[in-house]
>>> print(open('upload31.cif').read())   # mmCIF, C-alpha atoms
data_coords
#
loop_
_atom_site.group_PDB
_atom_site.id
_atom_site.type_symbol
_atom_site.label_atom_id
_atom_site.label_comp_id
_atom_site.auth_asym_id
_atom_site.auth_seq_id
_atom_site.Cartn_x
_atom_site.Cartn_y
_atom_site.Cartn_z
ATOM 1 C CA MET Y 13 -73.316 -8.540 -20.403
ATOM 2 C CA LYS Y 14 -72.115 -8.979 -23.956
ATOM 3 C CA TYR Y 15 -68.682 -10.407 -24.668
ATOM 4 C CA THR Y 16 -66.319 -10.228 -27.606
ATOM 5 C CA LYS Y 17 -62.880 -11.398 -28.661
ATOM 6 C CA LEU Y 18 -60.230 -8.761 -28.029
ATOM 7 C CA GLY Y 19 -58.849 -8.034 -31.486
ATOM 8 C CA ASN Y 20 -57.287 -11.146 -32.984
ATOM 9 C CA SER Y 21 -56.478 -12.657 -29.597
ATOM 10 C CA ASP Y 22 -58.153 -15.581 -27.894
ATOM 11 C CA LEU Y 23 -59.223 -13.329 -24.990
ATOM 12 C CA THR Y 24 -62.971 -13.189 -24.482
ATOM 13 C CA VAL Y 25 -63.714 -9.912 -22.733
ATOM 14 C CA SER Y 26 -66.785 -8.048 -21.640
ATOM 15 C CA ARG Y 27 -67.701 -5.215 -23.971
ATOM 16 C CA ILE Y 28 -67.370 -2.970 -20.945
ATOM 17 C CA CYS Y 29 -63.877 -2.703 -19.521
ATOM 18 C CA LEU Y 30 -63.598 -1.242 -16.030
ATOM 19 C CA GLY Y 31 -60.943 1.460 -16.134
ATOM 20 C CA CYS Y 32 -59.252 1.612 -12.745
ATOM 21 C CA MET Y 33 -57.480 4.984 -12.873
ATOM 22 C CA GLY Y 34 -59.889 6.224 -10.215
ATOM 23 C CA PHE Y 35 -58.746 3.591 -7.721
ATOM 24 C CA GLY Y 36 -55.743 4.059 -5.467
ATOM 25 C CA ASP Y 37 -54.412 5.787 -2.393
ATOM 26 C CA PRO Y 38 -55.272 9.504 -2.777
ATOM 27 C CA GLN Y 39 -52.094 10.358 -0.845
ATOM 28 C CA ARG Y 40 -49.791 8.489 -3.241
ATOM 29 C CA GLY Y 41 -50.030 9.951 -6.690
ATOM 30 C CA GLN Y 42 -51.038 12.789 -8.907
ATOM 31 C CA HIS Y 43 -54.792 12.627 -8.200
ATOM 32 C CA SER Y 44 -56.407 13.505 -4.878
ATOM 33 C CA TRP Y 45 -59.832 12.290 -6.020
ATOM 34 C CA THR Y 46 -59.110 8.553 -6.257
ATOM 35 C CA LEU Y 47 -61.122 6.039 -4.261
ATOM 36 C CA ASP Y 48 -59.700 4.214 -1.281
ATOM 37 C CA GLU Y 49 -59.484 0.430 -1.240
ATOM 38 C CA GLU Y 50 -62.826 -0.181 0.466
ATOM 39 C CA HIS Y 51 -64.776 1.812 -2.116
ATOM 40 C CA SER Y 52 -62.721 0.430 -4.997
ATOM 41 C CA ARG Y 53 -63.546 -3.104 -3.873
ATOM 42 C CA GLU Y 54 -67.275 -2.310 -3.841
ATOM 43 C CA ILE Y 55 -67.122 -1.131 -7.450
ATOM 44 C CA ILE Y 56 -65.002 -4.079 -8.608
ATOM 45 C CA LYS Y 57 -67.321 -6.543 -6.886
ATOM 46 C CA ARG Y 58 -70.403 -4.946 -8.448
ATOM 47 C CA ALA Y 59 -68.762 -4.914 -11.888
ATOM 48 C CA LEU Y 60 -68.067 -8.635 -11.572
ATOM 49 C CA GLU Y 61 -71.679 -9.274 -10.512
ATOM 50 C CA LEU Y 62 -72.823 -7.441 -13.650
ATOM 51 C CA GLY Y 63 -70.578 -9.604 -15.833
ATOM 52 C CA VAL Y 64 -67.596 -7.317 -16.355
ATOM 53 C CA ASN Y 65 -64.481 -9.457 -16.721
ATOM 54 C CA PHE Y 66 -62.055 -6.922 -18.232
ATOM 55 C CA PHE Y 67 -60.087 -4.587 -15.951
ATOM 56 C CA ASP Y 68 -57.592 -1.932 -17.004
ATOM 57 C CA THR Y 69 -55.059 -0.417 -14.596
ATOM 58 C CA ALA Y 70 -51.483 0.911 -14.696
ATOM 59 C CA ILE Y 71 -48.414 1.041 -12.527
ATOM 60 C CA ALA Y 72 -48.591 4.848 -12.791
ATOM 61 C CA TYR Y 73 -52.040 5.060 -11.215
ATOM 62 C CA GLN Y 74 -51.436 6.341 -7.714
ATOM 63 C CA SER Y 75 -47.923 4.881 -7.465
ATOM 64 C CA GLY Y 76 -49.106 1.321 -8.107
ATOM 65 C CA THR Y 77 -51.850 1.325 -5.483
ATOM 66 C CA SER Y 78 -54.521 0.962 -8.175
ATOM 67 C CA GLU Y 79 -52.871 -2.285 -9.256
ATOM 68 C CA GLN Y 80 -52.684 -3.414 -5.632
ATOM 69 C CA TYR Y 81 -56.374 -2.694 -4.970
ATOM 70 C CA VAL Y 82 -57.457 -4.388 -8.206
ATOM 71 C CA GLY Y 83 -55.294 -7.435 -7.581
ATOM 72 C CA ARG Y 84 -56.528 -7.989 -4.037
ATOM 73 C CA ALA Y 85 -60.174 -7.487 -4.979
ATOM 74 C CA LEU Y 86 -60.008 -9.863 -7.925
ATOM 75 C CA LYS Y 87 -58.237 -12.461 -5.797
ATOM 76 C CA ASP Y 88 -61.124 -12.289 -3.323
ATOM 77 C CA PHE Y 89 -64.028 -12.025 -5.770
ATOM 78 C CA ALA Y 90 -63.034 -13.833 -8.997
ATOM 79 C CA GLY Y 91 -60.982 -16.733 -10.264
ATOM 80 C CA ARG Y 92 -57.889 -15.571 -12.161
ATOM 81 C CA SER Y 93 -58.900 -17.476 -15.287
ATOM 82 C CA ASN Y 94 -62.286 -15.715 -15.292
ATOM 83 C CA VAL Y 95 -60.916 -12.191 -15.741
ATOM 84 C CA ALA Y 96 -58.751 -10.342 -18.245
ATOM 85 C CA ILE Y 97 -56.256 -7.927 -16.724
ATOM 86 C CA ALA Y 98 -54.605 -5.105 -18.626
ATOM 87 C CA THR Y 99 -51.909 -2.925 -17.117
ATOM 88 C CA LYS Y 100 -49.568 -0.322 -18.528
ATOM 89 C CA PHE Y 101 -45.996 0.911 -18.095
ATOM 90 C CA LEU Y 102 -44.456 4.344 -18.509
ATOM 91 C CA PRO Y 103 -41.307 5.438 -20.368
ATOM 92 C CA ARG Y 104 -37.919 5.302 -18.688
ATOM 93 C CA THR Y 105 -37.196 8.076 -16.224
ATOM 94 C CA ALA Y 106 -34.359 10.565 -16.693
ATOM 95 C CA GLU Y 107 -32.595 8.855 -13.797
ATOM 96 C CA GLU Y 108 -32.856 5.437 -15.487
ATOM 97 C CA ILE Y 109 -31.503 6.883 -18.722
ATOM 98 C CA ALA Y 110 -28.579 8.521 -16.861
ATOM 99 C CA ASP Y 111 -27.879 5.214 -15.096
ATOM 100 C CA GLY Y 112 -27.806 3.339 -18.422
ATOM 101 C CA VAL Y 113 -30.926 1.247 -17.797
ATOM 102 C CA SER Y 114 -31.924 -0.183 -21.170
ATOM 103 C CA GLY Y 115 -35.460 -0.181 -22.497
ATOM 104 C CA GLN Y 116 -35.551 -3.961 -22.127
ATOM 105 C CA GLU Y 117 -34.445 -3.813 -18.491
ATOM 106 C CA HIS Y 118 -36.914 -1.014 -17.760
ATOM 107 C CA ILE Y 119 -39.802 -3.057 -19.154
ATOM 108 C CA ARG Y 120 -38.708 -6.153 -17.205
ATOM 109 C CA ARG Y 121 -38.576 -4.136 -13.976
ATOM 110 C CA MET Y 122 -41.940 -2.492 -14.629
ATOM 111 C CA MET Y 123 -43.545 -5.837 -15.478
ATOM 112 C CA ASP Y 124 -42.160 -7.499 -12.350
ATOM 113 C CA LYS Y 125 -43.350 -4.635 -10.152
ATOM 114 C CA SER Y 126 -46.820 -4.698 -11.721
ATOM 115 C CA LEU Y 127 -47.089 -8.453 -11.182
ATOM 116 C CA GLU Y 128 -46.033 -7.959 -7.562
ATOM 117 C CA ASN Y 129 -48.603 -5.181 -7.129
ATOM 118 C CA LEU Y 130 -51.348 -7.287 -8.699
ATOM 119 C CA GLY Y 131 -50.338 -10.465 -6.857
ATOM 120 C CA MET Y 132 -50.449 -12.338 -10.174
ATOM 121 C CA ASP Y 133 -48.105 -14.442 -12.280
ATOM 122 C CA TYR Y 134 -49.123 -12.850 -15.584
ATOM 123 C CA VAL Y 135 -51.305 -10.181 -17.156
ATOM 124 C CA ASP Y 136 -53.468 -10.706 -20.186
ATOM 125 C CA LEU Y 137 -52.557 -7.433 -21.868
ATOM 126 C CA TYR Y 138 -49.431 -5.351 -21.242
ATOM 127 C CA ILE Y 139 -49.725 -1.874 -22.697
ATOM 128 C CA TYR Y 140 -47.041 0.618 -23.669
ATOM 129 C CA HIS Y 141 -48.777 3.583 -21.976
ATOM 130 C CA MET Y 142 -47.220 6.471 -23.878
ATOM 131 C CA TRP Y 143 -44.514 6.978 -26.450
ATOM 132 C CA ASP Y 144 -40.957 6.999 -25.112
ATOM 133 C CA TYR Y 145 -39.010 9.425 -27.271
ATOM 134 C CA GLN Y 146 -35.772 8.655 -25.397
ATOM 135 C CA THR Y 147 -35.722 4.907 -26.061
ATOM 136 C CA PRO Y 148 -35.172 3.234 -29.436
ATOM 137 C CA LEU Y 149 -38.300 1.483 -30.648
ATOM 138 C CA TYR Y 150 -36.325 -1.754 -31.070
ATOM 139 C CA ASP Y 151 -35.582 -1.752 -27.316
ATOM 140 C CA ILE Y 152 -39.273 -1.291 -26.501
ATOM 141 C CA MET Y 153 -40.417 -4.016 -28.890
ATOM 142 C CA ASP Y 154 -37.696 -6.401 -27.738
ATOM 143 C CA GLY Y 155 -38.605 -5.781 -24.098
ATOM 144 C CA LEU Y 156 -42.284 -6.420 -24.830
ATOM 145 C CA ASN Y 157 -41.419 -9.553 -26.793
ATOM 146 C CA ARG Y 158 -39.445 -10.811 -23.809
ATOM 147 C CA VAL Y 159 -42.350 -10.420 -21.357
ATOM 148 C CA VAL Y 160 -44.546 -12.429 -23.732
ATOM 149 C CA LYS Y 161 -41.900 -15.123 -24.226
ATOM 150 C CA THR Y 162 -41.437 -15.485 -20.451
ATOM 151 C CA GLY Y 163 -45.199 -15.850 -19.945
ATOM 152 C CA LYS Y 164 -45.571 -12.670 -17.905
ATOM 153 C CA ALA Y 165 -47.927 -11.157 -20.493
ATOM 154 C CA ARG Y 166 -50.187 -12.924 -22.945
ATOM 155 C CA TYR Y 167 -50.548 -9.996 -25.347
ATOM 156 C CA ILE Y 168 -49.128 -6.516 -25.806
ATOM 157 C CA GLY Y 169 -50.663 -3.215 -26.833
ATOM 158 C CA ILE Y 170 -50.057 0.515 -27.011
ATOM 159 C CA SER Y 171 -52.059 3.583 -26.046
ATOM 160 C CA ASN Y 172 -51.634 7.352 -26.245
ATOM 161 C CA CYS Y 173 -49.702 7.560 -29.478
ATOM 162 C CA PHE Y 174 -50.227 8.896 -32.963
ATOM 163 C CA ALA Y 175 -51.315 6.530 -35.717
ATOM 164 C CA TRP Y 176 -48.158 7.305 -37.708
ATOM 165 C CA GLN Y 177 -46.046 6.039 -34.794
ATOM 166 C CA LEU Y 178 -47.559 2.591 -35.189
#
>>> encode(input="upload31.cif", output="structure tokens")
Amino acid sequence: MKYTKLGNSDLTVSRICLGCMGFGDPQRGQHSWTLDEEHSREIIKRALELGVNFFDTAIAYQSGTSEQYVGRALKDFAGRSNVAIATKFLPRTAEEIADGVSGQEHIRRMMDKSLENLGMDYVDLYIYHMWDYQTPLYDIMDGLNRVVKTGKARYIGISNCFAWQL
């Protein structure tokens, strides 16, 4: 396996990142084709044997069960310091907006739930999964800054947006 630094960070990651959207309870999410925990563990274990150390999941993948499967497998098969974990959060829900939940509070709640799902104290990369048109960008950036300052995430990122939004 070849390794590289992730951007300008100090994270050394395998050039192959195992995307974990296909892992999770098929009964608990938008996809019926996801793999159960037993089969997910087989793939994660084999990836580790081949030198993959970078794993990407999200709280949205099968209602958090992807994070749970990944977290338990990595706990059993790898030392935490030997892997890089990326997870993602979604925009606030209409209910959260109606209830006055701020962007910062939403991110804190999502981060805490992801850490619980993963069974970890921190993630290496916390990714803003898709643009939240209902939340001021300042609130998103402040919330992300807070998870870094508290040590719950080492780095932040964004996916599924237009270049002009950056």
>>> resolve_selection(input="upload31.cif", expression="the PyMOL selection byres ((chain Y and resi 139-154) around 8)", output="MDAnalysis selection string")
chainID Y and resid 98:104 114:116 119 137:138 155:158 168:173
>>> resolve_selection(input="upload31.cif", expression="the PyMOL selection byres ((chain Y and resi 27-43) around 7)", output="ChimeraX atom specification")
/Y:14-16,25-26,44-49,52,64,66-69,73-75,77-78,81
>>> resolve_selection(input="upload31.cif", expression="the PyMOL selection byres ((chain Y and resi 92) around 12)", output="list in words")
Asn65, Phe66, Phe67, Val82, Gly83, Arg84, Ala85, Leu86, Lys87, Asp88, Phe89, Ala90, Gly91, Ser93, Asn94, Val95, Ala96, Ile97, Leu130, Gly131, Met132, Asp133, Tyr134, Val135 and Asp136 of chain Y
>>> write_last_selection(input="upload31.cif", atoms="C-alpha atoms", output="compact mmCIF listing (two decimals), keeping the file's coordinate frame")
# COMPACT_ATOMS: atom_id res chain seq x y z
CA ASN Y 65 -64.48 -9.46 -16.72
CA PHE Y 66 -62.06 -6.92 -18.23
CA PHE Y 67 -60.09 -4.59 -15.95
CA VAL Y 82 -57.46 -4.39 -8.21
CA GLY Y 83 -55.29 -7.44 -7.58
CA ARG Y 84 -56.53 -7.99 -4.04
CA ALA Y 85 -60.17 -7.49 -4.98
CA LEU Y 86 -60.01 -9.86 -7.92
CA LYS Y 87 -58.24 -12.46 -5.80
CA ASP Y 88 -61.12 -12.29 -3.32
CA PHE Y 89 -64.03 -12.02 -5.77
CA ALA Y 90 -63.03 -13.83 -9.00
CA GLY Y 91 -60.98 -16.73 -10.26
CA SER Y 93 -58.90 -17.48 -15.29
CA ASN Y 94 -62.29 -15.72 -15.29
CA VAL Y 95 -60.92 -12.19 -15.74
CA ALA Y 96 -58.75 -10.34 -18.24
CA ILE Y 97 -56.26 -7.93 -16.72
CA LEU Y 130 -51.35 -7.29 -8.70
CA GLY Y 131 -50.34 -10.46 -6.86
CA MET Y 132 -50.45 -12.34 -10.17
CA ASP Y 133 -48.10 -14.44 -12.28
CA TYR Y 134 -49.12 -12.85 -15.58
CA VAL Y 135 -51.30 -10.18 -17.16
CA ASP Y 136 -53.47 -10.71 -20.19
>>> atom_distance(input="upload31.cif", atom1="CA of Val159 (chain Y)", atom2="CA of Arg120 (chain Y)")
7.0 Å
>>> axis_aligned_box(input="upload31.cif", around="region 39-57 of chain Y", padding_each_side="8 Å", output="JSON")
{"center_x": -58.6, "center_y": 3.5, "center_z": -4.2, "size_x": 33.5, "size_y": 36.0, "size_z": 25.4}
>>> atom_distance(input="upload31.cif", atom1="CA of Gly76 (chain Y)", atom2="CA of Asp111 (chain Y)")
22.7 Å
>>> atom_distance(input="upload31.cif", atom1="CA of Gly163 (chain Y)", atom2="CA of His118 (chain Y)")
17.1 Å
>>> decode(input="upload31.cif", residues="region 82-103 of chain Y", atoms="N, CA, C and O atoms", output="PDB file, in the first residue's frame")
ATOM      1  N   VAL Y  82     -18.245   0.144  11.765  1.00  0.00           N
ATOM      2  CA  VAL Y  82     -16.853   0.540  11.544  1.00  0.00           C
ATOM      3  C   VAL Y  82     -16.126   0.672  12.882  1.00  0.00           C
ATOM      4  O   VAL Y  82     -15.024   0.148  13.055  1.00  0.00           O
ATOM      5  N   GLY Y  83     -16.738   1.329  13.817  1.00  0.00           N
ATOM      6  CA  GLY Y  83     -16.106   1.530  15.123  1.00  0.00           C
ATOM      7  C   GLY Y  83     -15.795   0.230  15.836  1.00  0.00           C
ATOM      8  O   GLY Y  83     -14.696   0.045  16.371  1.00  0.00           O
ATOM      9  N   ARG Y  84     -16.749  -0.683  15.840  1.00  0.00           N
ATOM     10  CA  ARG Y  84     -16.525  -1.969  16.524  1.00  0.00           C
ATOM     11  C   ARG Y  84     -15.459  -2.794  15.814  1.00  0.00           C
ATOM     12  O   ARG Y  84     -14.611  -3.409  16.467  1.00  0.00           O
ATOM     13  N   ALA Y  85     -15.486  -2.799  14.492  1.00  0.00           N
ATOM     14  CA  ALA Y  85     -14.487  -3.576  13.749  1.00  0.00           C
ATOM     15  C   ALA Y  85     -13.087  -3.015  13.975  1.00  0.00           C
ATOM     16  O   ALA Y  85     -12.139  -3.775  14.220  1.00  0.00           O
ATOM     17  N   LEU Y  86     -12.947  -1.713  13.897  1.00  0.00           N
ATOM     18  CA  LEU Y  86     -11.621  -1.122  14.081  1.00  0.00           C
ATOM     19  C   LEU Y  86     -11.124  -1.317  15.504  1.00  0.00           C
ATOM     20  O   LEU Y  86      -9.927  -1.511  15.717  1.00  0.00           O
ATOM     21  N   LYS Y  87     -12.013  -1.291  16.470  1.00  0.00           N
ATOM     22  CA  LYS Y  87     -11.618  -1.554  17.852  1.00  0.00           C
ATOM     23  C   LYS Y  87     -11.049  -2.966  17.977  1.00  0.00           C
ATOM     24  O   LYS Y  87     -10.069  -3.195  18.677  1.00  0.00           O
ATOM     25  N   ASP Y  88     -11.645  -3.916  17.276  1.00  0.00           N
ATOM     26  CA  ASP Y  88     -11.202  -5.303  17.345  1.00  0.00           C
ATOM     27  C   ASP Y  88      -9.966  -5.607  16.495  1.00  0.00           C
ATOM     28  O   ASP Y  88      -9.177  -6.482  16.846  1.00  0.00           O
ATOM     29  N   PHE Y  89      -9.804  -4.894  15.385  1.00  0.00           N
ATOM     30  CA  PHE Y  89      -8.765  -5.270  14.420  1.00  0.00           C
ATOM     31  C   PHE Y  89      -7.600  -4.289  14.296  1.00  0.00           C
ATOM     32  O   PHE Y  89      -6.605  -4.613  13.636  1.00  0.00           O
ATOM     33  N   ALA Y  90      -7.707  -3.092  14.876  1.00  0.00           N
ATOM     34  CA  ALA Y  90      -6.643  -2.091  14.674  1.00  0.00           C
ATOM     35  C   ALA Y  90      -6.510  -1.212  15.910  1.00  0.00           C
ATOM     36  O   ALA Y  90      -7.475  -0.985  16.623  1.00  0.00           O
ATOM     37  N   GLY Y  91      -5.338  -0.705  16.142  1.00  0.00           N
ATOM     38  CA  GLY Y  91      -5.143   0.284  17.191  1.00  0.00           C
ATOM     39  C   GLY Y  91      -5.655   1.628  16.702  1.00  0.00           C
ATOM     40  O   GLY Y  91      -5.480   1.980  15.532  1.00  0.00           O
ATOM     41  N   ARG Y  92      -6.279   2.394  17.574  1.00  0.00           N
ATOM     42  CA  ARG Y  92      -6.878   3.676  17.163  1.00  0.00           C
ATOM     43  C   ARG Y  92      -5.853   4.595  16.503  1.00  0.00           C
ATOM     44  O   ARG Y  92      -6.158   5.278  15.524  1.00  0.00           O
ATOM     45  N   SER Y  93      -4.647   4.610  17.005  1.00  0.00           N
ATOM     46  CA  SER Y  93      -3.629   5.505  16.443  1.00  0.00           C
ATOM     47  C   SER Y  93      -3.118   5.035  15.079  1.00  0.00           C
ATOM     48  O   SER Y  93      -2.403   5.764  14.402  1.00  0.00           O
ATOM     49  N   ASN Y  94      -3.506   3.839  14.660  1.00  0.00           N
ATOM     50  CA  ASN Y  94      -3.038   3.300  13.385  1.00  0.00           C
ATOM     51  C   ASN Y  94      -4.007   3.534  12.232  1.00  0.00           C
ATOM     52  O   ASN Y  94      -3.737   3.107  11.114  1.00  0.00           O
ATOM     53  N   VAL Y  95      -5.142   4.170  12.519  1.00  0.00           N
ATOM     54  CA  VAL Y  95      -6.142   4.405  11.477  1.00  0.00           C
ATOM     55  C   VAL Y  95      -6.566   5.871  11.470  1.00  0.00           C
ATOM     56  O   VAL Y  95      -6.452   6.566  12.470  1.00  0.00           O
ATOM     57  N   ALA Y  96      -7.048   6.309  10.326  1.00  0.00           N
ATOM     58  CA  ALA Y  96      -7.607   7.652  10.180  1.00  0.00           C
ATOM     59  C   ALA Y  96      -9.093   7.486   9.883  1.00  0.00           C
ATOM     60  O   ALA Y  96      -9.468   6.799   8.922  1.00  0.00           O
ATOM     61  N   ILE Y  97      -9.919   8.115  10.703  1.00  0.00           N
ATOM     62  CA  ILE Y  97     -11.361   7.987  10.588  1.00  0.00           C
ATOM     63  C   ILE Y  97     -11.954   9.313  10.145  1.00  0.00           C
ATOM     64  O   ILE Y  97     -11.732  10.353  10.778  1.00  0.00           O
ATOM     65  N   ALA Y  98     -12.735   9.255   9.075  1.00  0.00           N
ATOM     66  CA  ALA Y  98     -13.500  10.413   8.625  1.00  0.00           C
ATOM     67  C   ALA Y  98     -14.977  10.077   8.787  1.00  0.00           C
ATOM     68  O   ALA Y  98     -15.410   8.964   8.477  1.00  0.00           O
ATOM     69  N   THR Y  99     -15.735  11.031   9.286  1.00  0.00           N
ATOM     70  CA  THR Y  99     -17.190  10.892   9.299  1.00  0.00           C
ATOM     71  C   THR Y  99     -17.790  12.231   8.938  1.00  0.00           C
ATOM     72  O   THR Y  99     -17.096  13.259   8.908  1.00  0.00           O
ATOM     73  N   LYS Y 100     -19.088  12.201   8.625  1.00  0.00           N
ATOM     74  CA  LYS Y 100     -19.757  13.385   8.097  1.00  0.00           C
ATOM     75  C   LYS Y 100     -21.067  13.647   8.834  1.00  0.00           C
ATOM     76  O   LYS Y 100     -21.657  12.727   9.380  1.00  0.00           O
ATOM     77  N   PHE Y 101     -21.502  14.918   8.801  1.00  0.00           N
ATOM     78  CA  PHE Y 101     -22.789  15.282   9.389  1.00  0.00           C
ATOM     79  C   PHE Y 101     -23.663  15.963   8.341  1.00  0.00           C
ATOM     80  O   PHE Y 101     -23.165  16.528   7.374  1.00  0.00           O
ATOM     81  N   LEU Y 102     -24.957  15.891   8.563  1.00  0.00           N
ATOM     82  CA  LEU Y 102     -25.937  16.469   7.653  1.00  0.00           C
ATOM     83  C   LEU Y 102     -26.407  17.836   8.145  1.00  0.00           C
ATOM     84  O   LEU Y 102     -26.217  18.186   9.309  1.00  0.00           O
ATOM     85  N   PRO Y 103     -27.087  18.599   7.283  1.00  0.00           N
ATOM     86  CA  PRO Y 103     -27.669  19.870   7.720  1.00  0.00           C
ATOM     87  C   PRO Y 103     -28.727  19.673   8.813  1.00  0.00           C
ATOM     88  O   PRO Y 103     -29.239  18.565   9.016  1.00  0.00           O
TER      89      PRO Y 103
END
